[in-house]
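A.B. asks: Coordinates in my_file27.txt, compact mmCIF, C-alpha atoms, are listed below.
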```txt
# COMPACT_ATOMS: atom_id res chain seq x y z
CA MET I 1 0.00 0.00 0.00
CA LEU I 2 1.51 3.30 -1.13
CA VAL I 3 -1.38 5.66 -0.38
CA GLY I 4 -4.09 5.55 2.27
CA ASP I 5 -4.85 3.86 5.57
CA LYS I 6 -4.78 0.07 5.85
CA GLU I 7 -7.61 0.26 8.38
CA ASN I 8 -10.04 1.71 5.83
CA ILE I 9 -13.06 -0.43 4.92
CA VAL I 10 -13.02 -1.15 1.18
CA THR I 11 -16.31 -0.26 -0.51
CA GLY I 12 -15.26 -0.53 -4.15
CA VAL I 13 -12.17 -1.41 -6.19
CA LEU I 14 -10.90 -0.02 -9.47
CA VAL I 15 -8.03 -1.86 -11.21
CA ALA I 16 -5.64 -0.07 -13.57
CA LEU I 17 -2.19 -0.39 -15.06
CA ASP I 18 -1.30 3.17 -14.08
CA ILE I 19 -2.91 5.55 -11.60
CA THR I 20 -3.41 8.72 -13.61
CA ASN I 21 -5.57 11.68 -12.62
CA ASP I 22 -8.19 10.40 -15.07
CA VAL I 23 -8.29 7.05 -13.25
CA ILE I 24 -8.68 8.82 -9.89
CA GLU I 25 -11.60 10.86 -11.24
CA GLU I 26 -13.17 7.64 -12.51
CA ALA I 27 -12.76 6.06 -9.06
CA VAL I 28 -14.52 9.03 -7.48
CA ARG I 29 -17.41 8.75 -9.95
CA LYS I 30 -17.74 5.01 -9.35
CA LYS I 31 -17.38 5.37 -5.57
CA ALA I 32 -14.33 3.08 -5.50
CA ASN I 33 -12.17 3.90 -2.46
CA LEU I 34 -9.33 1.55 -3.46
CA ILE I 35 -7.33 1.56 -6.67
CA ILE I 36 -5.14 -1.47 -7.38
CA SER I 37 -2.50 -0.80 -10.01
CA HIS I 38 0.46 -2.56 -11.49
CA HIS I 39 2.77 0.45 -11.65
CA PRO I 40 3.55 2.31 -8.41
CA ILE I 41 1.86 5.68 -7.97
CA ILE I 42 5.06 6.83 -6.24
CA PHE I 43 7.98 5.63 -8.33
CA ARG I 44 10.55 8.30 -7.50
CA PRO I 45 11.00 10.36 -4.32
CA ILE I 46 8.51 13.23 -4.15
CA LYS I 47 10.28 16.56 -3.56
CA LYS I 48 7.19 18.74 -3.59
CA LEU I 49 3.42 18.35 -3.35
CA SER I 50 0.97 19.85 -5.81
CA SER I 51 -2.70 19.49 -6.59
CA LYS I 52 -1.77 17.71 -9.86
CA ASN I 53 0.13 14.95 -8.07
CA PRO I 54 -1.99 11.77 -8.20
CA ALA I 55 -0.98 10.74 -4.65
CA VAL I 56 -2.18 14.11 -3.33
CA LYS I 57 -5.45 13.78 -5.25
CA MET I 58 -6.01 10.31 -3.80
CA VAL I 59 -5.47 11.43 -0.23
CA SER I 60 -7.83 14.37 -0.78
CA ALA I 61 -10.48 12.02 -2.18
CA GLY I 62 -10.04 9.41 0.56
CA ILE I 63 -8.88 6.77 -1.91
CA SER I 64 -6.15 4.22 -1.14
CA ALA I 65 -3.64 2.69 -3.54
CA ILE I 66 -2.16 -0.81 -3.62
CA CYS I 67 0.52 -1.28 -6.29
CA VAL I 68 1.75 -4.80 -7.04
CA HIS I 69 4.40 -4.31 -9.75
CA THR I 70 7.42 -6.69 -9.61
CA PRO I 71 5.79 -9.54 -7.65
CA ILE I 72 3.15 -10.03 -10.31
CA ASP I 73 5.81 -9.79 -13.04
CA MET I 74 7.70 -12.70 -11.49
CA ALA I 75 4.82 -14.79 -10.14
CA VAL I 76 3.63 -18.08 -11.57
CA GLY I 77 0.51 -17.13 -13.51
CA GLY I 78 1.64 -13.48 -13.57
CA ILE I 79 2.11 -11.15 -16.54
CA ASN I 80 4.82 -13.12 -18.34
CA ASP I 81 2.85 -16.36 -18.03
CA ILE I 82 -0.20 -14.52 -19.39
CA ILE I 83 1.89 -13.52 -22.41
CA VAL I 84 2.88 -17.18 -22.87
CA GLN I 85 -0.80 -18.15 -22.84
CA MET I 86 -1.54 -15.46 -25.42
CA LEU I 87 1.25 -16.79 -27.62
CA LYS I 88 -0.26 -20.27 -27.33
CA GLU I 89 -3.36 -18.96 -29.10
CA LYS I 90 -1.22 -18.41 -32.21
CA PHE I 91 1.59 -20.96 -31.83
CA GLU I 92 2.38 -24.35 -30.39
CA ILE I 93 4.59 -23.62 -27.36
CA LYS I 94 6.75 -25.98 -25.31
CA ASP I 95 9.48 -25.96 -22.64
CA VAL I 96 8.40 -22.78 -20.82
CA ARG I 97 10.65 -21.70 -17.94
CA PRO I 98 11.81 -18.49 -16.23
CA LEU I 99 14.50 -16.45 -17.94
CA ILE I 100 16.00 -15.74 -14.50
CA PRO I 101 14.54 -18.19 -11.91
CA LEU I 102 13.68 -16.81 -8.48
CA SER I 103 15.49 -19.80 -7.01
CA GLU I 104 16.84 -23.12 -8.24
CA ASN I 105 14.13 -25.20 -9.95
CA SER I 106 11.55 -22.46 -9.33
CA ASP I 107 8.81 -21.79 -11.88
CA ALA I 108 8.69 -18.17 -10.70
CA GLY I 109 11.20 -15.56 -11.75
CA THR I 110 11.98 -12.73 -14.13
CA GLY I 111 10.79 -13.17 -17.70
CA ARG I 112 10.16 -16.42 -19.52
CA ILE I 113 11.78 -18.57 -22.20
CA ALA I 114 9.60 -20.58 -24.56
CA GLU I 115 10.17 -22.65 -27.68
CA LEU I 116 7.92 -22.86 -30.71
CA SER I 117 7.21 -26.52 -31.33
CA SER I 118 5.69 -25.81 -34.73
CA ASN I 119 7.67 -24.83 -37.83
CA GLU I 120 10.08 -21.92 -37.56
CA ILE I 121 8.65 -18.50 -38.42
CA ASN I 122 10.52 -15.45 -39.67
CA ALA I 123 10.64 -12.23 -37.65
CA GLU I 124 8.52 -10.28 -40.11
CA THR I 125 5.59 -12.69 -39.81
CA PHE I 126 6.15 -13.00 -36.06
CA ALA I 127 5.87 -9.20 -35.72
CA GLN I 128 2.51 -9.28 -37.45
CA LYS I 129 1.28 -11.97 -35.07
CA LEU I 130 2.52 -10.02 -32.04
CA ARG I 131 0.64 -6.92 -33.15
CA GLU I 132 -2.52 -9.01 -33.26
CA ILE I 133 -1.81 -10.60 -29.88
CA PHE I 134 -1.12 -7.37 -28.01
CA GLY I 135 -3.44 -5.12 -29.99
CA CYS I 136 -0.72 -2.48 -30.19
CA MET I 137 -0.44 0.34 -32.70
CA VAL I 138 3.17 -0.42 -33.57
CA VAL I 139 5.61 -3.30 -33.21
CA ARG I 140 9.26 -2.37 -33.79
CA TYR I 141 11.66 -5.19 -34.52
CA THR I 142 15.05 -6.18 -35.92
CA CYS I 143 16.29 -8.84 -38.34
CA PRO I 144 13.09 -9.37 -40.41
CA GLU I 145 14.40 -12.52 -42.12
CA LYS I 146 15.58 -14.17 -38.88
CA SER I 147 14.09 -17.64 -38.31
CA ILE I 148 12.60 -17.95 -34.84
CA ARG I 149 12.28 -21.01 -32.65
CA LYS I 150 13.47 -20.07 -29.13
CA VAL I 151 11.95 -16.91 -27.64
CA GLY I 152 12.74 -14.80 -24.59
CA ILE I 153 9.89 -12.83 -23.00
CA CYS I 154 9.81 -9.97 -20.50
CA SER I 155 6.85 -7.65 -20.09
CA GLY I 156 7.28 -3.91 -19.69
CA SER I 157 10.79 -2.52 -20.03
CA GLY I 158 13.06 -5.54 -20.36
CA GLY I 159 15.86 -4.28 -22.59
CA SER I 160 18.42 -4.62 -19.81
CA LEU I 161 17.95 -8.40 -19.89
CA LEU I 162 19.15 -8.79 -23.47
CA GLY I 163 22.44 -10.24 -22.21
CA GLU I 164 20.59 -13.05 -20.42
CA VAL I 165 18.50 -13.66 -23.55
CA MET I 166 21.66 -13.99 -25.64
CA SER I 167 23.24 -16.30 -23.01
CA GLU I 168 20.23 -18.58 -23.40
CA LYS I 169 20.83 -18.59 -27.18
CA CYS I 170 17.35 -17.28 -27.94
CA ASP I 171 16.49 -16.38 -31.52
CA ALA I 172 14.07 -13.65 -30.48
CA TYR I 173 13.12 -11.45 -27.54
CA ILE I 174 9.70 -9.93 -26.84
CA THR I 175 9.61 -6.88 -24.56
CA GLY I 176 8.91 -3.12 -24.61
CA ASP I 177 10.50 0.29 -24.00
CA VAL I 178 13.72 -0.63 -25.80
CA LYS I 179 16.59 1.92 -25.77
CA HIS I 180 18.75 2.63 -28.80
CA ASP I 181 21.88 0.89 -27.53
CA ILE I 182 19.86 -2.28 -26.91
CA TRP I 183 18.65 -2.21 -30.53
CA ILE I 184 22.26 -1.99 -31.67
CA ASP I 185 23.33 -4.92 -29.47
CA ALA I 186 20.44 -7.08 -30.68
CA TYR I 187 21.12 -6.23 -34.31
CA ASN I 188 24.84 -6.96 -34.02
CA ASN I 189 24.12 -10.31 -32.35
CA ASP I 190 21.43 -11.35 -34.85
CA ILE I 191 18.64 -11.34 -32.25
CA ALA I 192 15.14 -10.59 -33.50
CA LEU I 193 14.17 -8.02 -30.88
CA PHE I 194 10.48 -7.04 -30.67
CA ASP I 195 9.34 -3.86 -28.91
CA CYS I 196 5.59 -4.26 -28.44
CA GLY I 197 5.34 -1.32 -26.03
CA HIS I 198 5.47 -1.07 -22.25
CA TYR I 199 1.75 -0.33 -21.99
CA HIS I 200 0.61 -3.09 -24.33
CA THR I 201 2.74 -5.84 -22.83
CA GLU I 202 1.43 -5.09 -19.33
CA LYS I 203 -2.15 -3.81 -19.67
CA ILE I 204 -3.17 -7.48 -19.88
CA VAL I 205 -2.68 -7.78 -16.12
CA VAL I 206 -5.73 -5.61 -15.38
CA ASP I 207 -8.34 -8.18 -16.44
CA TYR I 208 -6.33 -10.89 -14.69
CA ILE I 209 -6.41 -9.03 -11.37
CA VAL I 210 -10.13 -8.33 -11.73
CA LYS I 211 -10.79 -12.01 -12.45
CA VAL I 212 -8.76 -13.25 -9.46
CA LEU I 213 -10.26 -10.75 -7.00
CA THR I 214 -13.82 -11.35 -8.22
CA ALA I 215 -13.39 -15.10 -7.72
CA ASN I 216 -12.13 -14.66 -4.16
CA LEU I 217 -14.08 -11.68 -2.80
CA THR I 218 -17.81 -11.22 -2.41
CA GLY I 219 -19.87 -8.15 -1.68
CA ILE I 220 -17.39 -5.70 -3.25
CA CYS I 221 -17.68 -4.17 -6.71
CA ILE I 222 -14.40 -4.79 -8.57
CA GLN I 223 -14.00 -3.13 -11.95
CA ALA I 224 -11.34 -2.62 -14.61
CA SER I 225 -10.65 1.05 -15.21
CA GLU I 226 -12.05 2.51 -18.40
CA ALA I 227 -9.89 5.64 -18.08
CA CYS I 228 -6.59 3.76 -18.04
CA ARG I 229 -5.15 3.97 -21.54
CA ASP I 230 -1.97 4.43 -23.51
CA VAL I 231 -1.27 8.15 -23.08
CA VAL I 232 1.20 8.16 -25.99
CA SER I 233 0.04 9.40 -29.39
CA TYR I 234 1.54 8.15 -32.64
CA VAL I 235 2.39 9.59 -36.05
CA PHE I 236 2.54 6.85 -38.65
CA CYS I 237 4.73 7.06 -41.70
CA VAL I 238 3.52 4.38 -44.10
CA HIS I 239 5.34 3.61 -47.32
CA GLY I 240 3.73 1.42 -49.95
CA THR I 241 3.68 0.57 -53.63
CA GLY I 242 -0.04 0.08 -54.11
CA GLU I 243 -2.51 2.60 -55.50
CA TYR I 244 -5.24 2.94 -52.89
CA GLY I 245 -6.36 1.73 -49.50
CA ILE I 246 -3.47 0.01 -47.76
CA LEU I 247 -5.27 -0.15 -44.43
CA LEU I 248 -8.76 -1.44 -43.73
CA CYS I 249 -11.10 -0.43 -40.93
CA SER I 250 -11.34 -3.06 -38.19
CA SER I 251 -15.10 -2.51 -37.91
CA CYS I 252 -16.58 -1.89 -41.36
CA SER I 253 -13.62 -3.17 -43.44
CA GLY I 254 -13.69 0.01 -45.50
CA SER I 255 -10.36 1.12 -46.94
CA ILE I 256 -8.84 4.59 -46.85
CA TYR I 257 -10.70 5.76 -49.88
CA GLY I 258 -9.10 8.05 -52.46
CA VAL I 259 -5.72 8.21 -50.73
CA PRO I 260 -2.70 7.16 -52.83
CA ALA I 261 -0.38 4.75 -51.07
CA VAL I 262 2.72 5.89 -52.95
CA GLY I 263 5.28 7.87 -50.95
CA GLY I 264 5.07 8.72 -47.27
CA LEU I 265 1.59 8.97 -45.79
CA TYR I 266 1.16 10.27 -42.26
CA TYR I 267 -1.72 9.29 -40.02
CA TYR I 268 -2.31 11.22 -36.81
CA GLY I 269 -4.10 10.14 -33.65
CA ASN I 270 -4.78 11.40 -30.16
CA GLY I 271 -4.49 8.10 -28.30
CA ARG I 272 -8.24 7.60 -27.89
CA THR I 273 -9.53 7.94 -31.44
CA CYS I 274 -6.35 7.34 -33.34
CA MET I 275 -7.15 6.81 -37.02
CA LEU I 276 -10.86 6.47 -36.33
CA CYS I 277 -12.61 5.34 -39.49
CA GLY I 278 -14.20 8.23 -41.40
CA ASN I 279 -16.73 5.84 -42.91
CA CYS I 280 -18.33 4.17 -39.88
CA SER I 281 -16.71 6.12 -36.99
CA LYS I 282 -16.39 2.89 -35.02
CA GLY I 283 -13.30 0.95 -35.99
CA TRP I 284 -9.62 1.74 -36.38
CA TYR I 285 -7.62 1.37 -39.56
CA GLY I 286 -5.34 -1.60 -39.43
CA GLY I 287 -7.83 -4.37 -38.66
CA ALA I 288 -6.74 -6.02 -41.89
CA CYS I 289 -4.35 -5.23 -44.70
CA ARG I 290 -4.50 -5.47 -48.46
CA ARG I 291 -0.80 -5.31 -49.08
CA THR I 292 2.55 -4.67 -47.49
CA ALA I 293 3.32 -1.35 -45.79
CA VAL I 294 6.66 -0.71 -44.15
CA GLY I 295 7.55 2.33 -42.06
CA PHE I 296 11.03 3.84 -41.81
CA ASN I 297 12.30 1.44 -44.45
CA LEU I 298 15.71 3.11 -44.68
CA CYS I 299 16.54 2.02 -41.13
CA PRO I 300 17.88 -1.48 -40.30
CA PHE I 301 15.40 -1.58 -37.41
CA ILE I 302 12.14 -2.13 -39.24
CA CYS I 303 9.16 -0.31 -37.73
CA VAL I 304 5.89 -2.13 -38.29
CA CYS I 305 2.99 0.26 -38.80
CA TYR I 306 0.16 -2.26 -38.35
CA VAL I 307 1.77 -4.51 -40.94
CA SER I 308 5.22 -4.89 -42.38
```
How does this structure look as structure tokens?
C.D. replies:
Amino acid sequence: MLVGDKENIVTGVLVALDITNDVIEEAVRKKANLIISHHPIIFRPIKKLSSKNPAVKMVSAGISAICVHTPIDMAVGGINDIIVQMLKEKFEIKDVRPLIPLSENSDAGTGRIAELSSNEINAETFAQKLREIFGCMVVRYTCPEKSIRKVGICSGSGGSLLGEVMSEKCDAYITGDVKHDIWIDAYNNDIALFDCGHYHTEKIVVDYIVKVLTANLTGICIQASEACRDVVSYVFCVHGTGEYGILLCSSCSGSIYGVPAVGGLYYYGNGRTCMLCGNCSKGWYGGACRRTAVGFNLCPFICVCYVS
């Protein structure tokens, strides 16, 4: 518990990845006096207090905060095991174990290693599958022709573990928040490194926490936050060789009508309605693709804008 009084009687619970001011306002509206988050609301020492500080807002509103973070990263059944289960929906997976075990012969620990028991897949196709699995706007990756069989996994910001991934002789590594020097190391060592985003590789824990708490607690309303979202906006640079309609709407399947696909096309979004379909106003472009579109194709680190 990072905010509040442990003696408080819980009347409602809101679960979020991050405790933003929007999430706190949602908790107030829904009369939830406890927010459970993955990321700590206090991550660095606070040197001053202001009305915009989420911890201050929570105290003022009488709302407590429990932040689970690393324990649920490392736990059996935690975030990394959830990612493994999501991968199993697309691939046959075997020999799953921790990347860094908590103790000898422990199934808990930092990250996971898994092997694809089906035929090898190249990094380009794997990136497409990961975008579908995580539902992220962009997957950045290296070594598009690399054949993948053994995969390292670490949710959130796991770039610092690339050395352990290489020691385990993995072909690929799935994580998020990758720094430039890590890209260089992965590229030089022929590792297919996939950055699926910090938010997207960890938001999956919210529904898991809600499910576990709902199954074990009665008489308390436990909800997933609707205000918790990816606060980052994206500008997409899509290069293609087709004539019209590279991207299709995920709802109505309508293409971007009348827009040439030749050259660099930029698509802007605000995080909530990014690339909202102008035809049906419901879906987002990128639900399907008519042909290949590669972003930043002059860079050795291929950026997948929905497809690659």
A.B. asks: Mind checking which residues fall within 10 Å of range 25-41 of chain I, counting only C-alpha atoms, ignoring those fewer than 5 positions away in the same chain, and posting them as number ranges by chain?
C.D. replies: I: 1-4, 8-20, 53-55, 57-58, 61-73, 202-203, 205-206, 209-210, 220-228
A.B. asks: At what distance in Å, to one decimal, does CA of Asp81 in chain I lie from CA of Ala186 in chain I?
C.D. replies: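 Distance reported for this atom pair: 23.6 Å.
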A.B. asks: Considering all atoms listed in the file, return as a PyMOL selection string whatever protein or nucleic-acid residues lie within 12 Å of Asn189 in chain I, sequence-local ones (same chain, fewer than 5 positions apart) excluded.
C.D. replies: chain I and resi 142-143+146+162-163+165-167+169-172+182-184
A.B. asks: Just to confirm, what's the straight-line distance from CA of Pro45 in chain I to CA of Pro101 in chain I in Å (one decimal)?
C.D. replies: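 Those two atoms sit 29.8 Å apart.
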A.B. asks: Take the point (16.3, -3.3, -19.4) in the file's coordinates, draw a sphere of radius 10 Å around it, and report as a ChimeraX atom specification every protein, DNA or RNA residue with an atom inside or on it, counting all atoms listed in the file.
C.D. replies: /I:154,156-163,175-179,182
A.B. asks: To one decimal place, how far is CA of Gly135 in chain I from CA of Lys88 in chain I in Å?
C.D. replies: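 Interatomic distance, CA of Gly135 in chain I to CA of Lys88 in chain I: 15.7 Å.
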